[in-house]
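upload-v3.cif, holding mmCIF, N, CA and C atoms:
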```cif
data_upload
loop_
_atom_site.group_PDB
_atom_site.id
_atom_site.type_symbol
_atom_site.label_atom_id
_atom_site.label_comp_id
_atom_site.auth_asym_id
_atom_site.auth_seq_id
_atom_site.Cartn_x
_atom_site.Cartn_y
_atom_site.Cartn_z
ATOM 1 N N MET A 280 72.475 81.630 144.943
ATOM 2 C CA MET A 280 71.152 81.154 144.645
ATOM 3 C C MET A 280 70.646 81.725 143.320
ATOM 4 N N PHE A 281 70.864 83.015 143.124
ATOM 5 C CA PHE A 281 70.394 83.638 141.891
ATOM 6 C C PHE A 281 71.553 83.954 140.961
ATOM 7 N N GLY A 282 72.581 83.124 140.982
ATOM 8 C CA GLY A 282 73.748 83.331 140.132
ATOM 9 C C GLY A 282 73.408 83.264 138.650
ATOM 10 N N TRP A 283 72.391 82.507 138.317
ATOM 11 C CA TRP A 283 72.029 82.378 136.912
ATOM 12 C C TRP A 283 71.413 83.652 136.354
ATOM 13 N N LEU A 284 71.022 84.581 137.233
ATOM 14 C CA LEU A 284 70.464 85.852 136.771
ATOM 15 C C LEU A 284 71.547 86.866 136.397
ATOM 16 N N ARG A 285 72.749 86.683 136.944
ATOM 17 C CA ARG A 285 73.829 87.619 136.646
ATOM 18 C C ARG A 285 74.327 87.423 135.229
ATOM 19 N N ARG A 286 74.620 88.523 134.595
ATOM 20 C CA ARG A 286 75.161 88.451 133.241
ATOM 21 C C ARG A 286 76.642 88.118 133.308
ATOM 22 N N ASP A 287 77.099 87.381 132.330
ATOM 23 C CA ASP A 287 78.496 86.982 132.275
ATOM 24 C C ASP A 287 79.299 88.110 131.627
ATOM 25 N N PRO A 288 80.206 88.755 132.369
ATOM 26 C CA PRO A 288 80.980 89.858 131.792
ATOM 27 C C PRO A 288 81.898 89.381 130.672
ATOM 28 N N ARG A 289 82.340 88.127 130.734
ATOM 29 C CA ARG A 289 83.206 87.581 129.690
ATOM 30 C C ARG A 289 82.467 87.537 128.352
ATOM 31 N N LYS A 290 81.220 87.136 128.375
ATOM 32 C CA LYS A 290 80.439 87.032 127.141
ATOM 33 C C LYS A 290 80.244 88.418 126.509
ATOM 34 N N LYS A 291 79.995 89.423 127.346
ATOM 35 C CA LYS A 291 79.818 90.783 126.844
ATOM 36 C C LYS A 291 81.109 91.287 126.196
ATOM 37 N N LEU A 292 82.239 91.036 126.856
ATOM 38 C CA LEU A 292 83.522 91.477 126.299
ATOM 39 C C LEU A 292 83.865 90.722 125.020
ATOM 40 N N GLU A 293 83.541 89.452 124.968
ATOM 41 C CA GLU A 293 83.805 88.679 123.749
ATOM 42 C C GLU A 293 82.990 89.208 122.576
ATOM 43 N N THR A 294 81.758 89.631 122.853
ATOM 44 C CA THR A 294 80.919 90.217 121.808
ATOM 45 C C THR A 294 81.506 91.543 121.329
ATOM 46 N N GLN A 295 81.967 92.364 122.277
ATOM 47 C CA GLN A 295 82.602 93.638 121.912
ATOM 48 C C GLN A 295 83.863 93.396 121.093
ATOM 49 N N TYR A 296 84.635 92.389 121.482
ATOM 50 C CA TYR A 296 85.870 92.061 120.778
ATOM 51 C C TYR A 296 85.579 91.649 119.334
ATOM 52 N N ALA A 297 84.596 90.795 119.152
ATOM 53 C CA ALA A 297 84.234 90.352 117.805
ATOM 54 C C ALA A 297 83.754 91.527 116.956
ATOM 55 N N HIS A 298 83.000 92.432 117.566
ATOM 56 C CA HIS A 298 82.503 93.598 116.843
ATOM 57 C C HIS A 298 83.660 94.505 116.412
ATOM 58 N N LYS A 299 84.639 94.710 117.298
ATOM 59 C CA LYS A 299 85.802 95.544 116.956
ATOM 60 C C LYS A 299 86.596 94.919 115.820
ATOM 61 N N LEU A 300 86.738 93.600 115.841
ATOM 62 C CA LEU A 300 87.466 92.927 114.764
ATOM 63 C C LEU A 300 86.757 93.106 113.425
ATOM 64 N N GLU A 301 85.434 93.047 113.446
ATOM 65 C CA GLU A 301 84.674 93.256 112.209
ATOM 66 C C GLU A 301 84.838 94.685 111.707
ATOM 67 N N GLN A 302 84.791 95.641 112.635
ATOM 68 C CA GLN A 302 84.984 97.043 112.245
ATOM 69 C C GLN A 302 86.388 97.242 111.665
ATOM 70 N N ALA A 303 87.374 96.623 112.276
ATOM 71 C CA ALA A 303 88.758 96.750 111.798
ATOM 72 C C ALA A 303 88.892 96.135 110.405
ATOM 73 N N ARG A 304 88.282 94.983 110.208
ATOM 74 C CA ARG A 304 88.319 94.339 108.893
ATOM 75 C C ARG A 304 87.720 95.234 107.826
ATOM 76 N N ASP A 305 86.566 95.829 108.140
ATOM 77 C CA ASP A 305 85.906 96.700 107.180
ATOM 78 C C ASP A 305 86.741 97.939 106.883
ATOM 79 N N ALA A 306 87.384 98.495 107.915
ATOM 80 C CA ALA A 306 88.242 99.670 107.711
ATOM 81 C C ALA A 306 89.407 99.314 106.810
ATOM 82 N N GLN A 307 89.998 98.161 107.022
ATOM 83 C CA GLN A 307 91.131 97.740 106.204
ATOM 84 C C GLN A 307 90.700 97.526 104.751
ATOM 85 N N ARG A 308 89.556 96.916 104.552
ATOM 86 C CA ARG A 308 89.075 96.664 103.190
ATOM 87 C C ARG A 308 88.756 97.965 102.461
ATOM 88 N N ASN A 309 88.378 99.003 103.225
ATOM 89 C CA ASN A 309 88.080 100.294 102.611
ATOM 90 C C ASN A 309 89.325 101.153 102.432
ATOM 91 N N GLY A 310 90.481 100.644 102.830
ATOM 92 C CA GLY A 310 91.719 101.373 102.647
ATOM 93 C C GLY A 310 92.056 102.330 103.778
ATOM 94 N N ASN A 311 91.324 102.268 104.865
ATOM 95 C CA ASN A 311 91.558 103.141 106.011
ATOM 96 C C ASN A 311 92.508 102.433 106.975
ATOM 97 N N ILE A 312 93.807 102.507 106.684
ATOM 98 C CA ILE A 312 94.794 101.776 107.461
ATOM 99 C C ILE A 312 94.951 102.371 108.862
ATOM 100 N N GLN A 313 94.865 103.684 108.978
ATOM 101 C CA GLN A 313 94.971 104.302 110.306
ATOM 102 C C GLN A 313 93.784 103.902 111.189
ATOM 103 N N GLY A 314 92.610 103.879 110.604
ATOM 104 C CA GLY A 314 91.431 103.436 111.337
ATOM 105 C C GLY A 314 91.540 101.975 111.734
ATOM 106 N N TYR A 315 92.098 101.171 110.831
ATOM 107 C CA TYR A 315 92.317 99.754 111.109
ATOM 108 C C TYR A 315 93.254 99.584 112.304
ATOM 109 N N ALA A 316 94.333 100.332 112.313
ATOM 110 C CA ALA A 316 95.304 100.240 113.406
ATOM 111 C C ALA A 316 94.667 100.649 114.736
ATOM 112 N N GLN A 317 93.876 101.694 114.719
ATOM 113 C CA GLN A 317 93.214 102.161 115.937
ATOM 114 C C GLN A 317 92.228 101.113 116.451
ATOM 115 N N LEU A 318 91.437 100.563 115.554
ATOM 116 C CA LEU A 318 90.444 99.562 115.956
ATOM 117 C C LEU A 318 91.109 98.282 116.461
ATOM 118 N N MET A 319 92.216 97.886 115.856
ATOM 119 C CA MET A 319 92.929 96.702 116.322
ATOM 120 C C MET A 319 93.529 96.942 117.705
ATOM 121 N N SER A 320 93.980 98.161 117.951
ATOM 122 C CA SER A 320 94.505 98.505 119.266
ATOM 123 C C SER A 320 93.399 98.397 120.320
ATOM 124 N N GLU A 321 92.219 98.901 119.993
ATOM 125 C CA GLU A 321 91.085 98.807 120.909
ATOM 126 C C GLU A 321 90.677 97.347 121.124
ATOM 127 N N ALA A 322 90.745 96.543 120.067
ATOM 128 C CA ALA A 322 90.406 95.125 120.178
ATOM 129 C C ALA A 322 91.403 94.413 121.091
ATOM 130 N N GLU A 323 92.670 94.766 120.999
ATOM 131 C CA GLU A 323 93.678 94.160 121.855
ATOM 132 C C GLU A 323 93.446 94.511 123.321
ATOM 133 N N GLU A 324 93.012 95.735 123.591
ATOM 134 C CA GLU A 324 92.699 96.134 124.967
ATOM 135 C C GLU A 324 91.547 95.303 125.519
ATOM 136 N N ILE A 325 90.538 95.082 124.699
ATOM 137 C CA ILE A 325 89.405 94.266 125.131
ATOM 138 C C ILE A 325 89.861 92.835 125.384
ATOM 139 N N LEU A 326 90.738 92.317 124.524
ATOM 140 C CA LEU A 326 91.240 90.954 124.693
ATOM 141 C C LEU A 326 92.033 90.825 125.991
ATOM 142 N N GLN A 327 92.789 91.843 126.344
ATOM 143 C CA GLN A 327 93.530 91.819 127.606
ATOM 144 C C GLN A 327 92.569 91.792 128.794
ATOM 145 N N LYS A 328 91.454 92.522 128.689
ATOM 146 C CA LYS A 328 90.452 92.500 129.751
ATOM 147 C C LYS A 328 89.842 91.106 129.876
ATOM 148 N N ILE A 329 89.587 90.464 128.738
ATOM 149 C CA ILE A 329 89.027 89.113 128.745
ATOM 150 C C ILE A 329 90.005 88.157 129.422
ATOM 151 N N ASP A 330 91.272 88.266 129.077
ATOM 152 C CA ASP A 330 92.279 87.375 129.647
ATOM 153 C C ASP A 330 92.463 87.595 131.142
ATOM 154 N N SER A 331 92.213 88.818 131.619
ATOM 155 C CA SER A 331 92.399 89.103 133.040
ATOM 156 C C SER A 331 91.227 88.627 133.898
ATOM 157 N N LEU A 332 90.089 88.337 133.274
ATOM 158 C CA LEU A 332 88.936 87.849 134.032
ATOM 159 C C LEU A 332 89.179 86.416 134.498
ATOM 160 N N PRO A 333 88.697 86.087 135.687
ATOM 161 C CA PRO A 333 88.802 84.688 136.126
ATOM 162 C C PRO A 333 87.881 83.814 135.281
ATOM 163 N N ALA A 334 88.187 82.543 135.242
ATOM 164 C CA ALA A 334 87.357 81.616 134.475
ATOM 165 C C ALA A 334 85.956 81.599 135.065
ATOM 166 N N SER A 335 84.957 81.479 134.205
ATOM 167 C CA SER A 335 83.574 81.485 134.687
ATOM 168 C C SER A 335 83.311 80.237 135.512
ATOM 169 N N THR A 336 82.343 80.320 136.395
ATOM 170 C CA THR A 336 82.042 79.214 137.299
ATOM 171 C C THR A 336 81.520 77.993 136.557
ATOM 172 N N SER A 337 80.827 78.202 135.447
ATOM 173 C CA SER A 337 80.311 77.055 134.699
ATOM 174 C C SER A 337 81.436 76.262 134.057
ATOM 175 N N GLU A 338 82.513 76.948 133.648
ATOM 176 C CA GLU A 338 83.648 76.256 133.055
ATOM 177 C C GLU A 338 84.462 75.566 134.136
ATOM 178 N N ALA A 339 84.541 76.152 135.335
ATOM 179 C CA ALA A 339 85.344 75.606 136.420
ATOM 180 C C ALA A 339 84.728 74.305 136.935
ATOM 181 N N GLY A 340 83.426 74.173 136.833
ATOM 182 C CA GLY A 340 82.762 72.982 137.331
ATOM 183 C C GLY A 340 82.890 71.778 136.422
ATOM 184 N N LYS A 341 83.339 71.976 135.225
ATOM 185 C CA LYS A 341 83.438 70.878 134.249
ATOM 186 C C LYS A 341 84.712 70.107 134.412
#
```
Starting from the file, lay out its structure as structure tokens.
Amino acid sequence: MFGWLRRDPRKKLETQYAHKLEQARDAQRNGNIQGYAQLMSEAEEILQKIDSLPASTSEAGK
């Protein structure tokens, strides 16, 4: 009944993923290759979490 009040965990993770990619890009542009590698590793972990989530109910109904 109140499903529309729940926050979508997929959307939160996608936002975190995009933010990590931006941080990694900036690190690479500044010449911080080790920082870039670390941030990309963290981004990949977030992407794996996104992939492990079931499809949202709004997408399943379409």
Which neighbours of Lys299 (chain A) fall inside 7 Å, counting all atoms listed in the file, when residues of the same chain fewer than 2 positions from it are skipped, and could you give them as a list of chain:residue names?
A:Thr294, A:Gln295, A:Tyr296, A:Ala297, A:Glu301, A:Gln302, A:Ala303, A:Arg304, A:Leu318, A:Met319, A:Glu321, A:Ala322
Among chain A, which residues carry a DSSP assignment of alpha helix (DSSP H), reported as number ranges by chain?
A: 288-308, 312-331, 336-339
Grab the atom N of Ser331 (chain A) to CA of Arg308 (chain A) distance for me, in Å with one decimal place.
29.7 Å
